[in-house]
Protein chains: 6
Amino acid sequence: MIIIDDILLKDTTLRQLNKKIAQIFVNGKFCKDPKLAKAQDFFLSGLDKPGNTANRLGFSVTNANVEQIPGLNTLGISAVRIDYAPYGQNPPHTHPRATEILVVLEGTLYVGFVTSNQLNNTLIAKVLNKGDVFVFPIGMIHFQFNIGKTNAVAIAALSSQFPGVITIANTVFGANPPINPDFLAKAFQLDVNVVKELEAKF
Amino acid sequence: MIIIDDILLKDTTLRQLNKKIAQIFVNGKFCKDPKLAKAQDFFLSGLDKPGNTANRLGFSVTNANVEQIPGLNTLGISAVRIDYAPYGQNPPHTHPRATEILVVLEGTLYVGFVTSNQLNNTLIAKVLNKGDVFVFPIGMIHFQFNIGKTNAVAIAALSSQFPGVITIANTVFGANPPINPDFLAKAFQLDVNVVKELEAKF
Amino acid sequence: MIIIDDILLKDTTLRQLNKKIAQIFVNGKFCKDPKLAKAQDFFLSGLDKPGNTANRLGFSVTNANVEQIPGLNTLGISAVRIDYAPYGQNPPHTHPRATEILVVLEGTLYVGFVTSNQLNNTLIAKVLNKGDVFVFPIGMIHFQFNIGKTNAVAIAALSSQFPGVITIANTVFGANPPINPDFLAKAFQLDVNVVKELEAKF
Amino acid sequence: MIIIDDILLKDTTLRQLNKKIAQIFVNGKFCKDPKLAKAQDFFLSGLDKPGNTANRLGFSVTNANVEQIPGLNTLGISAVRIDYAPYGQNPPHTHPRATEILVVLEGTLYVGFVTSNQLNNTLIAKVLNKGDVFVFPIGMIHFQFNIGKTNAVAIAALSSQFPGVITIANTVFGANPPINPDFLAKAFQLDVNVVKELEAKF
Amino acid sequence: MIIIDDILLKDTTLRQLNKKIAQIFVNGKFCKDPKLAKAQDFFLSGLDKPGNTANRLGFSVTNANVEQIPGLNTLGISAVRIDYAPYGQNPPHTHPRATEILVVLEGTLYVGFVTSNQLNNTLIAKVLNKGDVFVFPIGMIHFQFNIGKTNAVAIAALSSQFPGVITIANTVFGANPPINPDFLAKAFQLDVNVVKELEAKF
Amino acid sequence: MIIIDDILLKDTTLRQLNKKIAQIFVNGKFCKDPKLAKAQDFFLSGLDKPGNTANRLGFSVTNANVEQIPGLNTLGISAVRIDYAPYGQNPPHTHPRATEILVVLEGTLYVGFVTSNQLNNTLIAKVLNKGDVFVFPIGMIHFQFNIGKTNAVAIAALSSQFPGVITIANTVFGANPPINPDFLAKAFQLDVNVVKELEAKF
């Protein structure tokens, strides 16, 4: 073993390295050498286990994306299990790189998304019961709210191997470092002290 | 109302029609005028209902794609519920336009796909239990087999709004009209009479 | 001229219509018949004119996208001019379908975007002066704030012919119809009465 | 020269390496540093040479894809020469990542593809002579059969730099390790002993 | 039959029409209703016939793209046969939407492309003989020159169903209406009278 | 520090390296580890500075693409500032990977592009003044000509992070090594001595 703490690759070496890497990456569907692929690379267990919803918002997301399943690389899809305590919510958020299709397994959810400014910020929302399916188009701000008295569970799939999540409240009021409170107060028509409180909370 | 049984659009009319259609299709995410979108367009119910598995192979697929949910148009994702009777199977098939990610809700499935000739037709297979997830990469021949004594249920999502299904046996031995039996006998190293029997069955 | 208030196209007619439309849409770069393209279809004037910033937020956006320039259809790019009164702001918003590259023509702007939850909602921000360029990656919540005492002007380009805009405050607190205030109060850690006030304002 | 049999890259080193690699891969059209590109990288000889068809199926494929022509990387196209002995066949197969367009140079071929289940597994087939062209859409199971008494030759192009080939018989009955014969017997309505024989042959 | 010379579609009618059209276009691979697809839609004959090279440049292109083969729609590939008289040439041109892979069937061609300004406008060129293959990357100016004493023939495939051709000389000196000769004289370092002569010729 | 002038990576090492690199490249929007992204990576200054137009053609391009702004990687957009001396010109050229949208900041430009052979090489051109916008579709040969008596300035954006530039005159007559003058003489209907002179100049 050698530990390299600095590296100076000559051009010939880099080309050679490049060639080796290219052999693995050749426009392939897997970063890994496909000849080494095993069932384990396409597998994940545990989506039958409820997530821990003992948090302020009362919900939990269990991921099945490329970070858990390396075989998803380049394949443009992933899944999640979402658990909701009674009155728990998956708060307003966007996925910058994916549309979501959600299937309710248990409980009653009020779900919706809001269209863009061009379409007048229309709320497209519906109450869902067991077996109902709903679609949240890419980039739209959307949410789910458990309006039942029991736990709710959903499986959702997303059209990206790593869709990303942008929770609106955390992103706006919980950025690191915080966004200027005067600026946010004007944007949200809030008192600047309310914004400061929010930034302290998030 | 008029019934048009032939149509001759003058160029100016066609341009006008084109303009109207373009207003609806403008690189949009929906074929429908987005201003008319309703929650119903993004919704489907019934994925909690078991499909009818009383058929030769003992399985059933309930679709949630763009044919059932018009709002999925252009969004690149869809879902299915799959039911399996004991020893039922979803036979070898491909989706020409989608990768599939499958979550087992109930039962025990033996699932797998076979890699391409370039990778030596390797079988990548695994036994799945409740809560397990497996990925079938786009275009690969894959299958699921209920190896348990009870019904099995899975939810799967696919990276296309209309992924298509090509069931291998039906396509090869059940094409309409049938493929030349001598040709198939040679391809599959089967006796030509066996092929003829198969073509009669499918 | 005829006014058609209902239409029943027989299959042969539809195919014929389809063929005519296909002649225009043949995987082409223009919805319009390319043979009819004129310079006017690729042109727009007026981006030298300041927009009207006499509004609550003190900013104005002048669009140069496919709605103004039909020749942009399918070409994946558009532009805007943004004017900012002193202390005016382009409030936190996303473009669901585009990355933005902004060039400051006049004035001093404080600009930034916030990364996704996965990257800890990091604020990536900077003060920009005349001639400075900044990039807002697709789907990220971003903003510009005129921190100078004079008007500011920027030209920005977006990687979509029709990028869409989702202003966060309007979408969350100004949806039509409004989102349930109890739900939002919990999501944003705000008093429910504050949410109700906000929903009345937006 | 050094032989590295284990490697521990510190973060700074990795970033440095990343930077060097990025210089080569910068969203470029070539994995190779484009400044080093030579005519040889875009060239292959030998498609005038008949392939060896002395095999069970009587056909041979000579490839001109990214493995033979590195300059094809990222360019989304490749070619093959196919030779067919009299009564030779290119058996039912799919290309998971490409549509194929085939031009007959010599001989008489019976060619076809079968549509998906949604379109009732319709056989779309035709006899082709010298100079005839046929298209096999992406993902569809297709074949060519030399029905003439002489050798046949075709040039085909595919819409991927590395389209992949999945020969149905080899993949289903010749997987490594073999697929469960009981399962296949049911899928293909074959006697289990026939399946076992097939699996021994392939 | 009716002749429509103006059309005013009410909203309900348009939606109905839209629905019918959508049924055909559903993100599908064919503009035509796929259920009506016939072998003829995927077929073309005549690529064995030499084109007429009795023209100033001594070459001829026979197309096999979506205009001749409707089934190619959305499939991203097409083909051409190119004939070259002795000393004939396919003059410098670009395909704005496609990479080209060319196979020499007969004769000897000198072929090449020139890289972009960023790569110093390097000429990447080679003499090709029967059976040789060469790649012209998307957007690059390229050419073929029959340097043999006999006719030459090539089959080429392009990574677009309708790749387009921009012949440099015709486009620059033969535009309709002509480009300002003073402007071109400066761009090409030519005497303005030479430019005027060229514009008269093309 | 070590200097590596040759490298032999064992398979296990390569897989390990691959894994590390994959962690950075995971279908991400940045080659750089996104956790290390800084505002500086999305920033460039200096587009307020006139470029040096004291050259034969009287124009200058200042780039703001992925080479100057690493954060643009994978984001599909870039910008340029173009300066034109009086009667200066941006000569006929193509961008092989981008559509361009141009905004005139100062002066008067005559701009245009020429359509492909299929559309009869039509010149689509227009005089632009301050605030005017024009679009040059991907792959088309286009130009700008300062027809005013004062300097002109434009900001343009392009639908690629690295659009490339192919200046027609330099590419055709200034290739390295030069293209055969007899060949070019025939293609451009020029005297071979004129071509030789041109090749000496460029």
# chains A, B, ... in the order shown; residues from 1 in each chain; ligands from 1
call {"tool": "residues_around", "arguments": {"residues": "A:Lys201", "least_positions_apart": "6", "cutoff": "12 Å", "atoms": "only C-alpha atoms", "output": "list of chain:residue names"}}
result
A:Arg56, A:Ala169, A:Asn170, A:Phe173, A:Gly174, A:Ala175, A:Pro178, A:Val194, A:Val195, C:Ala187, C:Phe188, C:Gln189, C:Leu190
call {"tool": "write_last_selection", "arguments": {"atoms": "N, CA, C and O atoms", "output": "mmCIF file, in the first residue's frame"}}
result
data_model
loop_
_atom_site.group_PDB
_atom_site.id
_atom_site.type_symbol
_atom_site.label_atom_id
_atom_site.label_comp_id
_atom_site.auth_asym_id
_atom_site.auth_seq_id
_atom_site.Cartn_x
_atom_site.Cartn_y
_atom_site.Cartn_z
ATOM 1 N N ARG A 56 -40.739 16.694 15.106
ATOM 2 C CA ARG A 56 -41.656 17.835 15.129
ATOM 3 C C ARG A 56 -42.759 17.718 14.074
ATOM 4 O O ARG A 56 -43.914 18.053 14.320
ATOM 5 N N ALA A 169 -39.269 25.401 3.888
ATOM 6 C CA ALA A 169 -39.052 26.145 5.135
ATOM 7 C C ALA A 169 -37.581 26.097 5.550
ATOM 8 O O ALA A 169 -36.973 27.116 5.868
ATOM 9 N N ASN A 170 -36.988 24.910 5.510
ATOM 10 C CA ASN A 170 -35.584 24.766 5.907
ATOM 11 C C ASN A 170 -34.664 25.547 4.981
ATOM 12 O O ASN A 170 -33.643 26.094 5.412
ATOM 13 N N PHE A 173 -35.696 29.550 5.548
ATOM 14 C CA PHE A 173 -35.467 30.100 6.894
ATOM 15 C C PHE A 173 -34.346 29.380 7.637
ATOM 16 O O PHE A 173 -33.947 29.808 8.702
ATOM 17 N N GLY A 174 -33.850 28.290 7.082
ATOM 18 C CA GLY A 174 -32.800 27.542 7.771
ATOM 19 C C GLY A 174 -31.518 27.416 6.975
ATOM 20 O O GLY A 174 -30.720 26.519 7.232
ATOM 21 N N ALA A 175 -31.292 28.319 6.016
ATOM 22 C CA ALA A 175 -30.069 28.235 5.218
ATOM 23 C C ALA A 175 -28.841 28.460 6.102
ATOM 24 O O ALA A 175 -28.918 29.112 7.137
ATOM 25 N N PRO A 178 -27.586 31.938 7.515
ATOM 26 C CA PRO A 178 -28.955 32.416 7.248
ATOM 27 C C PRO A 178 -28.991 33.501 6.176
ATOM 28 O O PRO A 178 -28.050 34.277 6.027
ATOM 29 N N VAL A 194 -40.184 38.297 13.303
ATOM 30 C CA VAL A 194 -40.710 36.951 13.055
ATOM 31 C C VAL A 194 -39.701 36.152 12.234
ATOM 32 O O VAL A 194 -39.427 34.983 12.532
ATOM 33 N N VAL A 195 -39.132 36.797 11.233
ATOM 34 C CA VAL A 195 -38.130 36.098 10.425
ATOM 35 C C VAL A 195 -36.933 35.689 11.270
ATOM 36 O O VAL A 195 -36.444 34.554 11.197
ATOM 37 N N ALA C 187 -45.620 23.538 9.249
ATOM 38 C CA ALA C 187 -44.479 23.402 8.349
ATOM 39 C C ALA C 187 -43.477 24.532 8.555
ATOM 40 O O ALA C 187 -42.264 24.315 8.548
ATOM 41 N N PHE C 188 -43.996 25.744 8.755
ATOM 42 C CA PHE C 188 -43.120 26.913 8.834
ATOM 43 C C PHE C 188 -42.884 27.386 10.262
ATOM 44 O O PHE C 188 -42.257 28.421 10.466
ATOM 45 N N GLN C 189 -43.393 26.642 11.244
ATOM 46 C CA GLN C 189 -43.238 27.027 12.643
ATOM 47 C C GLN C 189 -43.734 28.452 12.886
ATOM 48 O O GLN C 189 -43.093 29.238 13.587
ATOM 49 N N LEU C 190 -44.854 28.761 12.255
ATOM 50 C CA LEU C 190 -45.462 30.079 12.422
ATOM 51 C C LEU C 190 -46.764 29.919 13.184
ATOM 52 O O LEU C 190 -47.406 28.870 13.136
#
call {"tool": "select_by_dssp", "arguments": {"residues": "stretch 3-193 of chain E", "states": "strand (DSSP E or B)", "output": "PyMOL selection string"}}
result
chain E and resi 3-4+7-9+43-44+59-64+78-84+89-94+100-106+109-114+122-128+133-136+141-146+152-158+166-167+176
call {"tool": "interface_residues", "arguments": {"of": "chain E", "to": "chain F", "cutoff": "7 Å", "atoms": "only C-alpha atoms", "output": "ChimeraX atom specification"}}
result
/E:91,96,114,116-118,121-123,138-140,164-167,169,171,175-177,187-188
call {"tool": "select_by_dssp", "arguments": {"residues": "stretch 32-188 of chain D", "states": "helix (DSSP H, G or I)", "output": "ChimeraX atom specification"}}
result
/D:34-36,39-42,70-72,117-119,168-173,181-188
call {"tool": "closest_residue", "arguments": {"among": "F:Leu72, F:Leu105, F:Val61, F:Val127", "to": "C:Phe43", "atoms": "only C-alpha atoms"}}
result
F:Val127
call {"tool": "atom_distance", "arguments": {"atom1": "atom CA of D:Leu158", "atom2": "atom CA of E:Asn65"}}
result
13.8 Å
call {"tool": "atom_distance", "arguments": {"atom1": "atom CA of F:His93", "atom2": "atom CA of E:Asn63"}}
result
26.6 Å
call {"tool": "residues_around", "arguments": {"residues": "E:Asp41", "least_positions_apart": "5", "cutoff": "8 Å", "atoms": "only C-alpha atoms", "output": "PyMOL selection string"}}
result
chain E and resi 69-71
call {"tool": "atom_distance", "arguments": {"atom1": "atom CA of F:Leu128", "atom2": "atom CA of F:Ser45"}}
result
26.6 Å
